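Q: Pasting a structure here, questions to come.
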Amino acid sequence: MIVSQKFLSEHNFIFSLTYFNAMSQQEANAYILGTETAELHRLGLQHQVWSSEAIKGWELAGFTAGQTLLDLGCGPGFCTTELAYIAGEQGKVIGIDKSSHFIDFLDNWARQLSLNIETQCCNFDEMVLEDNSIDGIYDRWALAWISNPKEILSKLHKALKKGGVIVTQEYFDWSTLQTEPHIPALAKGIAAALQSLRDQNDIDVGRKLPVYFEECGYEVISSRPLTKMATPGEFTWHWPKSFFGIYFPKLVGSGYLTEEEVRDALEAFEALEALPGATIFTPAMREVIARKN
């Protein structure tokens with residue numbers, strides 16, 4: 001599903017993007033890949049790749065009109081706005097993210113589209129939710145970036161109504177990001193990226209979610225693998241390509257790669273892209289859906 005076909009008018013998106021560009025280009029410590037315009041576009045591309053899986057998860061969870069839904073780690077709101085159309089005029093969506101740039105973008109976007117979206121700009125530890133007030137929660141790569149996912153799941157459990165459902169889509173094994181053929185310079189860049197992620201938090205939190213849910217009082221009702229594989233001629237190929245282009249250079253300042261290694265890795269990816277039969281397998285993910293009984 002393409003976002004522009006689903007719910008965006010060209011005028012409203014251009015208006016919102018212009019508003020976003022008017023803000024400063026970098027928000028310190030707010031997002032691992034930054035919050036500049038390039039990352040906004042990367043997140044939009046990423047959403048196109050994974051939107052069908054998000055929608056499938058919402059269908060399995062029974063998200064529907066009139067509900068109060070929560071988008072945890074909403075970013076600029078690509079999923080939030082779609083969820084708002086599901087909730088409809090009688091429902092609402094709450095978007096929570098720590099980036100003020102992305103929250104401002106989403107607030108402006110929601111006004112332009114006349115959607116019932118509320119936002120909170122804060123860390124998950126600081127979010128304010130009424131007990132027994134939420135019908136459904138969606139999380140895509142929100143728990144992987146925090147140090148206390150189990151504590152946050154307990155907090156969300158209190159906010160869910162009885163019978164409320166949470167849909168989580170998180171990495172299960174980031175190390176499955178591999179290419180065929182193997183190119184050493186590119187593999188070195190990928191390994192450095194993985195190490196940088198592991199040094200911050202449990203990037204593969206999807207492995208532990210069923211246990212976390214049970215320990216927090218949820219009932220796990222569904223679990224399924226989410227994987228993507230692509231060749232250069234496919235749209236999905238551009239998802240890892242956009243990630244490498246933005247994230248590899250950021251690893252220089254933190255000492256994981258040198259400028260020469262970044263250049264070599266990106267040139268290796270260009271070479272891979274030109275090879276007949278080249279393939280990339282992206283990080284393996286897991287969807288877990290749980291209910292509050």
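Residues are named by chain letter and number: chains run A, B, ... in the order of the structure tokens, numbers start at 1 in each chain, and ligands are numbered from 1 in the order shown.
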Neighbouring residues of Phe269 of chain A were defined as those with any atom within 9 Å, considering only C-alpha atoms; residues of the same chain fewer than 4 positions away were excluded. Please report them as a PyMOL selection string.
A: chain A and resi 183+185-186+241+244+264-265+273-274
Q: Could you write out, as an mmCIF file with C-alpha atoms, in the first residue's frame, all the residues of segment 3-177 of chain A that DSSP marks as strand (DSSP E)?
A:
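Saved the output as selection-v1.cif:
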data_model
loop_
_atom_site.group_PDB
_atom_site.id
_atom_site.type_symbol
_atom_site.label_atom_id
_atom_site.label_comp_id
_atom_site.auth_asym_id
_atom_site.auth_seq_id
_atom_site.Cartn_x
_atom_site.Cartn_y
_atom_site.Cartn_z
ATOM 1 C CA THR A 68 -8.750 4.604 21.236
ATOM 2 C CA LEU A 69 -5.433 3.441 19.780
ATOM 3 C CA LEU A 70 -1.850 4.194 20.796
ATOM 4 C CA ASP A 71 1.100 4.414 18.392
ATOM 5 C CA LEU A 72 4.179 3.868 20.556
ATOM 6 C CA LYS A 92 -8.795 8.676 18.403
ATOM 7 C CA VAL A 93 -5.109 7.856 18.200
ATOM 8 C CA ILE A 94 -2.414 8.846 20.667
ATOM 9 C CA GLY A 95 1.078 9.198 19.183
ATOM 10 C CA ILE A 96 4.069 9.166 21.527
ATOM 11 C CA ASP A 97 7.637 9.986 20.505
ATOM 12 C CA ILE A 117 -4.742 12.541 16.854
ATOM 13 C CA GLU A 118 -3.299 13.473 20.229
ATOM 14 C CA THR A 119 0.448 13.547 20.770
ATOM 15 C CA GLN A 120 2.881 13.368 23.650
ATOM 16 C CA CYS A 121 6.491 14.405 23.165
ATOM 17 C CA ILE A 134 -6.699 2.192 25.545
ATOM 18 C CA ASP A 135 -8.287 -0.372 23.200
ATOM 19 C CA GLY A 136 -5.218 -1.149 21.132
ATOM 20 C CA ILE A 137 -1.494 -0.397 20.984
ATOM 21 C CA TYR A 138 0.914 -0.634 18.054
ATOM 22 C CA ASP A 139 4.698 -0.785 18.366
ATOM 23 C CA ARG A 140 7.168 -1.096 15.501
ATOM 24 C CA LEU A 160 -5.088 -1.092 28.268
ATOM 25 C CA LYS A 161 -8.743 -1.829 28.799
ATOM 26 C CA LYS A 162 -9.705 -5.371 29.727
ATOM 27 C CA GLY A 163 -9.524 -7.284 26.454
ATOM 28 C CA GLY A 164 -7.286 -4.620 24.928
ATOM 29 C CA VAL A 165 -4.602 -5.796 22.509
ATOM 30 C CA ILE A 166 -1.007 -4.783 21.790
ATOM 31 C CA VAL A 167 0.702 -5.481 18.455
ATOM 32 C CA THR A 168 4.513 -5.484 18.577
ATOM 33 C CA GLN A 169 6.816 -5.793 15.570
ATOM 34 C CA GLU A 170 10.439 -5.909 16.693
ATOM 35 C CA TYR A 171 13.770 -7.279 15.520
ATOM 36 C CA PHE A 172 14.386 -10.959 16.305
ATOM 37 C CA ASP A 173 17.873 -11.265 14.783
#
Q: Please provide the set of residues having any atom within 7 Å of segment 246-263 of chain A, restricted to only C-alpha atoms, with same-chain residues fewer than 3 positions apart removed, written as a VMD selection string.
A: chain A and resid 33 189 192 242 to 243 266 to 267
Q: Those residues with N, CA and C atoms, as a tab-separated table (two decimals), in the first residue's frame please?
A:
chain	number	residue	atom	x	y	z
A	33	LEU	N	19.11	7.72	14.10
A	33	LEU	CA	19.46	8.09	12.74
A	33	LEU	C	19.22	9.57	12.47
A	189	GLY	N	31.01	-2.84	7.21
A	189	GLY	CA	30.10	-1.75	7.58
A	189	GLY	C	28.88	-2.27	8.31
A	192	ALA	N	29.76	-3.31	11.84
A	192	ALA	CA	29.96	-2.14	12.71
A	192	ALA	C	28.62	-1.55	13.12
A	242	SER	N	18.87	2.87	1.86
A	242	SER	CA	18.70	4.17	2.51
A	242	SER	C	19.30	4.16	3.91
A	243	PHE	N	19.20	3.03	4.60
A	243	PHE	CA	19.78	2.91	5.94
A	243	PHE	C	21.30	3.04	5.88
A	266	LEU	N	30.11	1.83	1.17
A	266	LEU	CA	29.08	2.36	0.27
A	266	LEU	C	29.42	2.05	-1.19
A	267	GLU	N	30.71	2.09	-1.54
A	267	GLU	CA	31.11	1.73	-2.89
A	267	GLU	C	30.87	0.24	-3.13
Q: I'd like a table as CSV: residues in segment 64-146 of chain A with an atom no more than 10 Å from segment 151-157 of chain A, each row giving the shortest atom pair and its distance in Å to one decimal, only C-alpha atoms counted, sorted by chain and rising residue number.
A:
residue,atom,partner,partner_atom,distance
A:Leu70,CA,A:Leu156,CA,9.7
A:Leu72,CA,A:Leu156,CA,9.8
A:Phe124,CA,A:Ile152,CA,6.9
A:Asp125,CA,A:Ile152,CA,7.0
A:Met127,CA,A:Lys155,CA,9.3
A:Val128,CA,A:Lys155,CA,9.7
A:Leu129,CA,A:Leu156,CA,8.2
A:Glu130,CA,A:Leu156,CA,9.9
A:Asp131,CA,A:His157,CA,8.6
A:Asn132,CA,A:His157,CA,8.5
A:Ile134,CA,A:Leu156,CA,8.8
A:Ile137,CA,A:Leu156,CA,8.3
A:Leu143,CA,A:Ile152,CA,8.3
A:Ile146,CA,A:Ile152,CA,9.2
Q: Which one is closest to Pro76 of chain A: A:Ala191, A:Leu106, A:Leu60, A:Leu226? Count only C-alpha atoms.
A: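 Going through A:Ala191, A:Leu106, A:Leu60, A:Leu226 one by one, the smallest distance to Pro76 of chain A is for A:Leu106.
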Q: Taking the DSSP assignment computed from this structure's backbone, write out as a count of residues only all residues of segment 4-219 of chain A that belong to alpha helix (DSSP H).
A: 97
Q: Applying 12 Å and only C-alpha atoms, which residues near Thr282 of chain A remain after dropping the ones on its own chain fewer than 5 positions away? List them as number ranges by chain.
A: A: 49-50, 171-180, 190, 226-231, 236-241, 243
Q: Go ahead and write the selection's residues with C-alpha atoms as a compact mmCIF listing (two decimals), in the first residue's frame.
A:
# COMPACT_ATOMS: atom_id res chain seq x y z
CA VAL A 49 8.12 -1.58 2.72
CA TRP A 50 6.43 -2.63 5.96
CA TYR A 171 13.77 -7.28 15.52
CA PHE A 172 14.39 -10.96 16.30
CA ASP A 173 17.87 -11.26 14.78
CA TRP A 174 19.47 -8.17 13.27
CA SER A 175 22.52 -10.23 12.24
CA THR A 176 20.52 -11.81 9.40
CA LEU A 177 21.20 -8.62 7.44
CA GLN A 178 23.47 -10.27 4.87
CA THR A 179 24.16 -10.15 1.15
CA GLU A 180 24.85 -12.61 -1.62
CA ILE A 190 27.10 -3.94 8.46
CA LEU A 226 8.44 -11.08 9.49
CA THR A 227 11.19 -11.26 6.89
CA LYS A 228 12.18 -9.45 3.71
CA MET A 229 14.55 -10.40 0.92
CA ALA A 230 15.21 -8.30 -2.17
CA THR A 231 17.14 -8.00 -5.39
CA THR A 236 12.41 -3.37 -0.86
CA TRP A 237 16.08 -3.09 -1.91
CA HIS A 238 15.92 0.64 -1.25
CA TRP A 239 15.14 0.11 2.45
CA PRO A 240 18.61 -1.18 3.46
CA LYS A 241 20.17 1.08 0.84
CA PHE A 243 19.78 2.91 5.94
